[in-house]
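J.: Got a file for you: data_8.cif, mmCIF, C-alpha atoms.
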data_entry
#
loop_
_atom_site.label_atom_id
_atom_site.label_comp_id
_atom_site.auth_asym_id
_atom_site.auth_seq_id
_atom_site.Cartn_x
_atom_site.Cartn_y
_atom_site.Cartn_z
CA MET Y 1 36.66 -5.92 26.72
CA SER Y 2 35.47 -3.09 28.89
CA GLU Y 3 32.59 -3.01 31.32
CA ALA Y 4 31.91 0.59 30.36
CA THR Y 5 30.99 -0.46 26.83
CA GLY Y 6 28.82 -3.35 27.94
CA GLY Y 7 31.33 -5.92 26.77
CA ILE Y 8 31.51 -4.52 23.26
CA ASP Y 9 35.06 -4.29 21.96
CA LEU Y 10 35.26 -0.81 20.48
CA ASP Y 11 38.73 -1.40 19.12
CA GLU Y 12 37.43 -3.91 16.62
CA ASP Y 13 37.25 -2.29 13.23
CA VAL Y 14 33.76 -2.88 11.89
CA SER Y 15 33.52 0.30 9.80
CA GLY Y 16 34.31 -1.56 6.59
CA VAL Y 17 31.59 -4.19 6.90
CA ILE Y 18 28.95 -3.70 4.27
CA LYS Y 19 26.04 -6.09 4.21
CA LYS Y 20 23.35 -6.56 1.63
CA PHE Y 21 20.06 -5.39 3.14
CA MET Y 22 16.70 -5.86 1.45
CA PHE Y 23 13.55 -4.21 2.73
CA VAL Y 24 10.45 -6.04 1.59
CA ASN Y 25 7.37 -3.81 1.30
CA ARG Y 26 4.04 -5.60 1.18
CA LYS Y 27 1.59 -3.07 2.64
CA ALA Y 28 -0.40 -0.25 1.07
CA PRO Y 29 0.45 3.26 2.27
CA TYR Y 30 -1.72 5.18 4.80
CA GLY Y 31 -4.02 2.33 5.90
CA THR Y 32 -1.30 1.14 8.27
CA ILE Y 33 1.99 2.67 9.47
CA TYR Y 34 4.20 -0.05 7.91
CA ALA Y 35 5.13 1.75 4.68
CA LEU Y 36 6.19 4.94 6.44
CA GLU Y 37 8.16 3.01 9.08
CA ALA Y 38 9.96 1.04 6.36
CA LEU Y 39 11.08 4.30 4.75
CA GLU Y 40 12.47 5.51 8.08
CA VAL Y 41 14.53 2.35 8.50
CA VAL Y 42 15.71 2.45 4.88
CA LEU Y 43 17.05 5.98 5.37
CA ILE Y 44 18.80 4.96 8.61
CA SER Y 45 20.46 1.99 6.92
CA ALA Y 46 21.66 4.26 4.12
CA ALA Y 47 23.33 6.47 6.74
CA PHE Y 48 25.39 3.41 7.71
CA ASP Y 49 26.58 2.98 4.10
CA GLN Y 50 24.96 -0.41 3.65
CA ASP Y 51 24.12 -2.07 0.34
CA VAL Y 52 20.37 -1.43 0.38
CA SER Y 53 17.64 -2.62 -1.94
CA LEU Y 54 13.87 -2.30 -1.71
CA ALA Y 55 11.35 -4.84 -2.94
CA PHE Y 56 7.72 -3.98 -3.56
CA LEU Y 57 5.17 -6.74 -3.87
CA ASP Y 58 1.55 -7.49 -3.01
CA ASP Y 59 -0.15 -4.28 -1.79
CA GLY Y 60 3.33 -2.75 -1.34
CA VAL Y 61 3.27 -1.76 -5.03
CA TYR Y 62 0.58 0.81 -4.13
CA GLN Y 63 3.24 2.79 -2.23
CA LEU Y 64 4.77 3.83 -5.55
CA VAL Y 65 1.60 4.90 -7.37
CA LYS Y 66 1.86 8.39 -8.92
CA GLY Y 67 -0.48 11.23 -8.02
CA GLN Y 68 -0.97 10.72 -4.29
CA HIS Y 69 -2.68 13.74 -2.70
CA THR Y 70 -3.20 13.32 1.02
CA LYS Y 71 -4.52 16.75 2.01
CA GLY Y 72 -8.05 15.36 2.29
CA ILE Y 73 -7.11 12.75 4.89
CA ASP Y 74 -4.75 15.05 6.82
CA VAL Y 75 -1.80 12.65 6.61
CA LYS Y 76 1.71 13.37 5.34
CA ASN Y 77 2.21 12.38 1.71
CA PHE Y 78 5.49 10.46 1.88
CA SER Y 79 5.50 9.26 -1.72
CA PRO Y 80 8.01 11.97 -2.86
CA THR Y 81 10.54 10.38 -0.48
CA TYR Y 82 10.90 7.42 -2.86
CA ARG Y 83 12.24 9.86 -5.46
CA ALA Y 84 14.77 11.20 -2.92
CA LEU Y 85 16.26 7.74 -2.25
CA GLU Y 86 18.55 8.14 -5.25
CA GLY Y 87 20.30 10.95 -3.35
CA TYR Y 88 21.17 8.44 -0.63
CA ASP Y 89 22.61 6.02 -3.20
CA ILE Y 90 19.59 3.76 -2.91
CA GLU Y 91 18.85 2.90 -6.50
CA LYS Y 92 17.83 -0.74 -6.34
CA LEU Y 93 14.04 -0.69 -6.34
CA TYR Y 94 12.49 -3.98 -7.41
CA VAL Y 95 8.80 -4.33 -8.21
CA GLU Y 96 7.07 -7.65 -8.73
CA ARG Y 97 5.34 -7.83 -12.10
CA GLU Y 98 2.57 -10.18 -10.92
CA SER Y 99 1.60 -7.78 -8.14
CA LEU Y 100 1.33 -4.86 -10.57
CA GLU Y 101 -0.73 -6.85 -13.06
CA ALA Y 102 -3.13 -8.20 -10.43
CA ARG Y 103 -3.89 -4.59 -9.49
CA GLY Y 104 -4.35 -3.27 -13.02
CA LEU Y 105 -1.21 -1.16 -12.66
CA SER Y 106 1.68 -0.61 -15.06
CA GLU Y 107 5.25 0.62 -14.66
CA ASP Y 108 4.45 4.05 -16.17
CA GLN Y 109 2.02 4.69 -13.29
CA LEU Y 110 4.83 4.57 -10.73
CA ILE Y 111 6.50 7.63 -9.20
CA VAL Y 112 10.12 6.41 -9.55
CA PRO Y 113 12.19 4.39 -12.02
CA VAL Y 114 12.15 0.76 -10.88
CA GLU Y 115 13.19 -2.64 -12.09
CA VAL Y 116 10.09 -4.73 -12.74
CA MET Y 117 10.72 -8.46 -12.39
CA SER Y 118 8.89 -11.74 -11.92
CA GLY Y 119 8.28 -13.23 -8.50
CA GLU Y 120 10.82 -15.90 -9.36
CA GLU Y 121 13.50 -13.31 -10.12
CA LEU Y 122 12.61 -11.40 -6.97
CA ALA Y 123 12.96 -14.56 -4.91
CA ALA Y 124 16.46 -15.03 -6.32
CA ARG Y 125 17.35 -11.45 -5.30
CA MET Y 126 16.08 -12.20 -1.79
CA GLU Y 127 18.36 -15.23 -1.60
CA GLU Y 128 21.39 -13.04 -2.37
CA GLN Y 129 20.89 -10.88 0.74
CA ASP Y 130 22.65 -10.94 4.11
CA VAL Y 131 19.64 -9.39 5.82
CA VAL Y 132 15.99 -9.31 4.72
CA ILE Y 133 13.56 -7.17 6.67
CA GLY Y 134 9.84 -7.31 5.96
CA PHE Y 135 7.22 -4.61 6.40
CA MET J 1 -28.20 -1.20 6.00
CA LEU J 2 -24.97 0.66 5.25
CA HIS J 3 -21.94 -1.62 4.99
CA ILE J 4 -18.51 -0.08 5.51
CA VAL J 5 -15.32 -1.81 4.32
CA ASN J 6 -11.84 -0.43 5.12
CA LYS J 7 -9.54 -3.30 4.11
CA SER J 8 -7.74 -3.95 0.83
CA PRO J 9 -9.40 -6.82 -1.11
CA TYR J 10 -5.93 -8.32 -1.61
CA GLU J 11 -5.22 -8.55 2.10
CA LYS J 12 -8.56 -9.54 3.61
CA ASN J 13 -11.82 -11.11 2.48
CA ALA J 14 -13.87 -8.39 4.20
CA LEU J 15 -15.35 -7.05 0.94
CA ALA J 16 -16.18 -10.50 -0.43
CA SER J 17 -17.89 -11.42 2.82
CA CYS J 18 -19.67 -8.08 2.94
CA LEU J 19 -20.99 -8.46 -0.63
CA ALA J 20 -22.13 -12.00 0.15
CA HIS J 21 -24.25 -10.66 2.99
CA ALA J 22 -25.44 -7.31 1.61
CA THR J 23 -29.12 -7.58 0.72
CA LYS J 24 -30.87 -5.83 -2.18
CA GLY J 25 -31.16 -2.10 -1.67
CA SER J 26 -28.34 -1.78 0.82
CA ALA J 27 -25.33 0.46 0.43
CA VAL J 28 -21.63 -0.42 0.54
CA LEU J 29 -19.13 2.32 1.37
CA LEU J 30 -15.43 1.73 0.77
CA ILE J 31 -12.98 3.75 2.87
CA GLU J 32 -9.25 3.73 3.71
CA ASP J 33 -7.49 0.75 2.05
CA GLY J 34 -10.94 -0.52 1.06
CA VAL J 35 -10.94 1.98 -1.83
CA TYR J 36 -8.42 -0.14 -3.76
CA ALA J 37 -11.37 -2.42 -4.55
CA VAL J 38 -12.89 0.11 -6.96
CA ALA J 39 -9.82 0.30 -9.21
CA GLN J 40 -10.23 -0.63 -12.85
CA GLY J 41 -8.62 -3.94 -13.76
CA GLY J 42 -8.34 -5.02 -10.15
CA LYS J 43 -9.31 -8.22 -8.43
CA ALA J 44 -12.59 -6.95 -7.01
CA GLU J 45 -13.93 -5.36 -10.22
CA PRO J 46 -16.00 -8.36 -11.41
CA GLU J 47 -17.68 -8.98 -8.04
CA LEU J 48 -18.32 -5.26 -7.54
CA ARG J 49 -19.87 -4.89 -11.00
CA GLN J 50 -22.10 -7.84 -10.26
CA ALA J 51 -23.06 -6.42 -6.86
CA MET J 52 -23.93 -3.02 -8.34
CA GLY J 53 -27.16 -4.46 -9.74
CA ARG J 54 -28.29 -5.08 -6.18
CA VAL J 55 -26.52 -2.59 -3.93
CA ALA J 56 -25.25 0.98 -4.25
CA VAL J 57 -21.46 1.20 -4.10
CA TYR J 58 -19.77 4.31 -2.71
CA ALA J 59 -16.11 5.19 -2.17
CA LEU J 60 -14.62 7.92 0.00
CA SER J 61 -13.02 10.43 -2.34
CA PRO J 62 -10.29 11.78 0.01
CA ASP J 63 -9.03 8.21 0.51
CA LEU J 64 -8.90 7.67 -3.27
CA GLU J 65 -7.03 10.94 -3.77
CA ALA J 66 -4.51 10.13 -1.03
CA ARG J 67 -3.70 6.85 -2.75
CA GLY J 68 -3.47 8.20 -6.30
CA MET J 69 -6.45 6.07 -7.33
CA LYS J 70 -9.11 8.66 -8.13
CA ASP J 71 -8.65 8.49 -11.90
CA LYS J 72 -8.82 4.68 -11.90
CA VAL J 73 -12.32 4.21 -10.48
CA ILE J 74 -14.70 1.84 -12.28
CA ASP J 75 -17.94 3.29 -13.68
CA GLY J 76 -20.98 3.22 -11.45
CA VAL J 77 -19.16 3.81 -8.18
CA LYS J 78 -20.42 6.95 -6.45
CA LEU J 79 -17.78 9.13 -4.81
CA VAL J 80 -18.54 10.87 -1.51
CA ASP J 81 -16.62 13.25 0.75
CA TYR J 82 -16.74 13.19 4.57
CA GLY J 83 -20.05 15.09 4.52
CA GLY J 84 -21.46 12.42 2.20
CA PHE J 85 -20.18 9.75 4.58
CA VAL J 86 -22.18 11.36 7.40
CA ASP J 87 -25.26 11.59 5.16
CA LEU J 88 -25.03 7.87 4.33
CA VAL J 89 -24.83 6.97 8.02
CA ALA J 90 -27.81 9.22 8.77
CA GLU J 91 -29.89 7.87 5.86
CA HIS J 92 -29.58 4.23 6.91
CA ARG J 93 -31.24 2.79 9.98
CA THR J 94 -28.25 0.55 10.71
CA ASN J 95 -24.65 0.30 9.62
CA GLN J 96 -22.06 -2.39 9.84
CA SER J 97 -18.27 -2.15 9.65
CA TRP J 98 -16.51 -5.15 8.08
CA LEU J 99 -13.15 -4.83 9.83
#
Mind turning the file's structure into structure tokens?

T.:
Amino acid sequence: MSEATGGIDLDEDVSGVIKKFMFVNRKAPYGTIYALEALEVVLISAAFDQDVSLAFLDDGVYQLVKGQHTKGIDVKNFSPTYRALEGYDIEKLYVERESLEARGLSEDQLIVPVEVMSGEELAARMEEQDVVIGF
Amino acid sequence: MLHIVNKSPYEKNALASCLAHATKGSAVLLIEDGVYAVAQGGKAEPELRQAMGRVAVYALSPDLEARGMKDKVIDGVKLVDYGGFVDLVAEHRTNQSWL
């Protein structure tokens, strides 16, 4: 232990620890900052080589709707970022079927390939995680 | 009276409460996440259709476009831009935001 490192033992090898992280997205884009902030954290976690998955339910499914054009509200359109996640080895995108159906949406209206599943299946995926972070 | 709703109908009951208090001849303008209410096949469609016999329903077009929802709007909803928003405020003696 060293005082210079605030009591953190830097000799301990933690580089190989990979945890299962799930980011749970429940907010529509643009109305609040949650969706954009979640993306920021997802990209950071990918930089640490973690096992990352994203869940979209409730109004969170609106984040993935195709054809977003934000010029008129003078806000950055971050929806293309979901397509870039694949490049960071983030390929586990889960969408709750009930949330899509309640909003009159279907899988073909989404901007990225996803795995559509029931709320029950999604709950089981949540249980498998080491860390679950909600937005 | 012009009623303005900016919350998603799935997150808050602002629209339902607004419609319950909007009298005949008033106008309801949906902005920001409120525009999700005018989507076809959504939760708010039945209550909006019913309300349209009594009140005029408007939605802010730039907010629909931003959210990819412009081609999913139910019939009878009038789309306005920011200029139209200003006109609506000017045309009505009072307005109320249902936050």

J.: Can you list, as a ChimeraX atom specification, the residues that the PyMOL selection byres ((chain J) within 12 of (chain Y)) selects here?

T.: /J:6-12,31-45,60-74,81-82

J.: Taking all atoms listed in the file into account, name the residue in Y:Tyr88, Y:Phe78, Y:Phe56, Y:Phe21 that is nearest to Phe135 of chain Y.

T.: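 Of Y:Tyr88, Y:Phe78, Y:Phe56, Y:Phe21, the one nearest Phe135 of chain Y is Y:Phe56, counting all atoms listed in the file.
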
J.: Can you write out as CSV which residues of segment 16-94 of chain Y fall within 10 Å of segment 116-121 of chain Y, alongside each residue's closest atom pair and its distance in Å to one decimal, counting all atoms listed in the file and ordering rows by chain and ascending residue number?

T.:
residue,atom,partner,partner_atom,distance
Y:Ala55,CA,Y:Val116,CA,9.9
Y:Phe56,CA,Y:Val116,CA,9.5
Y:Leu57,CA,Y:Gly119,CA,8.6
Y:Leu93,CA,Y:Val116,CA,8.5
Y:Tyr94,CA,Y:Val116,CA,5.9

J.: Find the residues with any atom within 12 Å of (-23.5, 10.3, 4.8); use all atoms listed in the file and the coordinates as given in the file, and write the answer as a list of chain:residue names.

T.: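 Final list of nearby residues, as requested, is J:Leu2, J:Ile4, J:Ala27, J:Val28, J:Leu29, J:Tyr58, J:Ala59, J:Leu60, J:Leu79, J:Val80, J:Asp81, J:Tyr82, J:Gly83, J:Gly84, J:Phe85, J:Val86, J:Asp87, J:Leu88, J:Val89, J:Ala90, J:Glu91, J:His92, J:Arg93, J:Asn95.
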
J.: Running the PyMOL selection byres ((chain Y and resi 53) around 12) on this model by hand, what would come out? Give it as number ranges by chain.

T.: Y: 19-25, 38-39, 41-43, 45-46, 50-52, 54-56, 85-86, 88-95, 114-115, 122, 125-126, 128-133

J.: Could you dump the residues just selected with C-alpha atoms as a short mmCIF file (atom, residue, chain, number, x, y, z; two decimals), in the coordinates of the input?

T.:
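Below is the file that was written, part-v5.cif:
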data_model
loop_
_atom_site.label_atom_id
_atom_site.label_comp_id
_atom_site.auth_asym_id
_atom_site.auth_seq_id
_atom_site.Cartn_x
_atom_site.Cartn_y
_atom_site.Cartn_z
CA LYS Y 19 26.04 -6.09 4.21
CA LYS Y 20 23.35 -6.56 1.63
CA PHE Y 21 20.06 -5.39 3.14
CA MET Y 22 16.70 -5.86 1.45
CA PHE Y 23 13.55 -4.21 2.73
CA VAL Y 24 10.45 -6.04 1.59
CA ASN Y 25 7.37 -3.81 1.30
CA ALA Y 38 9.96 1.04 6.36
CA LEU Y 39 11.08 4.30 4.75
CA VAL Y 41 14.53 2.35 8.50
CA VAL Y 42 15.71 2.45 4.88
CA LEU Y 43 17.05 5.98 5.37
CA SER Y 45 20.46 1.99 6.92
CA ALA Y 46 21.66 4.26 4.12
CA GLN Y 50 24.96 -0.41 3.65
CA ASP Y 51 24.12 -2.07 0.34
CA VAL Y 52 20.37 -1.43 0.38
CA LEU Y 54 13.87 -2.30 -1.71
CA ALA Y 55 11.35 -4.84 -2.94
CA PHE Y 56 7.72 -3.98 -3.56
CA LEU Y 85 16.26 7.74 -2.25
CA GLU Y 86 18.55 8.14 -5.25
CA TYR Y 88 21.17 8.44 -0.63
CA ASP Y 89 22.61 6.02 -3.20
CA ILE Y 90 19.59 3.76 -2.91
CA GLU Y 91 18.85 2.90 -6.50
CA LYS Y 92 17.83 -0.74 -6.34
CA LEU Y 93 14.04 -0.69 -6.34
CA TYR Y 94 12.49 -3.98 -7.41
CA VAL Y 95 8.80 -4.33 -8.21
CA VAL Y 114 12.15 0.76 -10.88
CA GLU Y 115 13.19 -2.64 -12.09
CA LEU Y 122 12.61 -11.40 -6.97
CA ARG Y 125 17.35 -11.45 -5.30
CA MET Y 126 16.08 -12.20 -1.79
CA GLU Y 128 21.39 -13.04 -2.37
CA GLN Y 129 20.89 -10.88 0.74
CA ASP Y 130 22.65 -10.94 4.11
CA VAL Y 131 19.64 -9.39 5.82
CA VAL Y 132 15.99 -9.31 4.72
CA ILE Y 133 13.56 -7.17 6.67
#

J.: Could you please determine the separation between atom CA of Glu127 of chain Y and atom CA of Pro113 of chain Y in Å, to one decimal place?

T.: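 Atom CA of Glu127 of chain Y sits 23.1 Å away from atom CA of Pro113 of chain Y.
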
J.: In Å, how far is it from atom CA of Ile33 of chain Y to atom CA of Leu99 of chain J?

T.: 16.9 Å

J.: Name the closest residue to Glu47 of chain J among the candidates J:Leu19, J:Gln96, J:Ala14, J:Val77; distances are taken between atoms, counting only C-alpha atoms.

T.: J:Leu19

J.: Report, as JSON, the centre and edge lengths in Å (one decimal) of the axis-aligned box enclosing every listed atom of segment 36-46 of chain J, padded by 3 Å on each side.

T.:
{"center_x": -12.2, "center_y": -4.0, "center_z": -8.8, "size_x": 13.7, "size_y": 14.7, "size_z": 16.0}

J.: Atom CA of Glu98 of chain Y and atom CA of Arg83 of chain Y are how many Å apart?

T.: 22.9 Å

J.: Would you kindly translate the PyMOL selection byres ((chain J and resi 55) around 10) into the concrete residues it picks from this file, as a list in words?

T.: Leu2, Leu19, Ala22, Thr23, Lys24, Gly25, Ser26, Ala27, Val28, Leu48, Arg49, Gln50, Ala51, Met52, Gly53, Arg54, Ala56, Val57 and Tyr58 of chain J

J.: Which residue gives the smallest distance to Ala84 of chain Y among Y:Leu36, Y:Ala124, Y:Ile44, Y:Val112, with all atoms listed in the file counted?

T.: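 Counting all atoms listed in the file, the residue closest to Ala84 of chain Y is Y:Val112.
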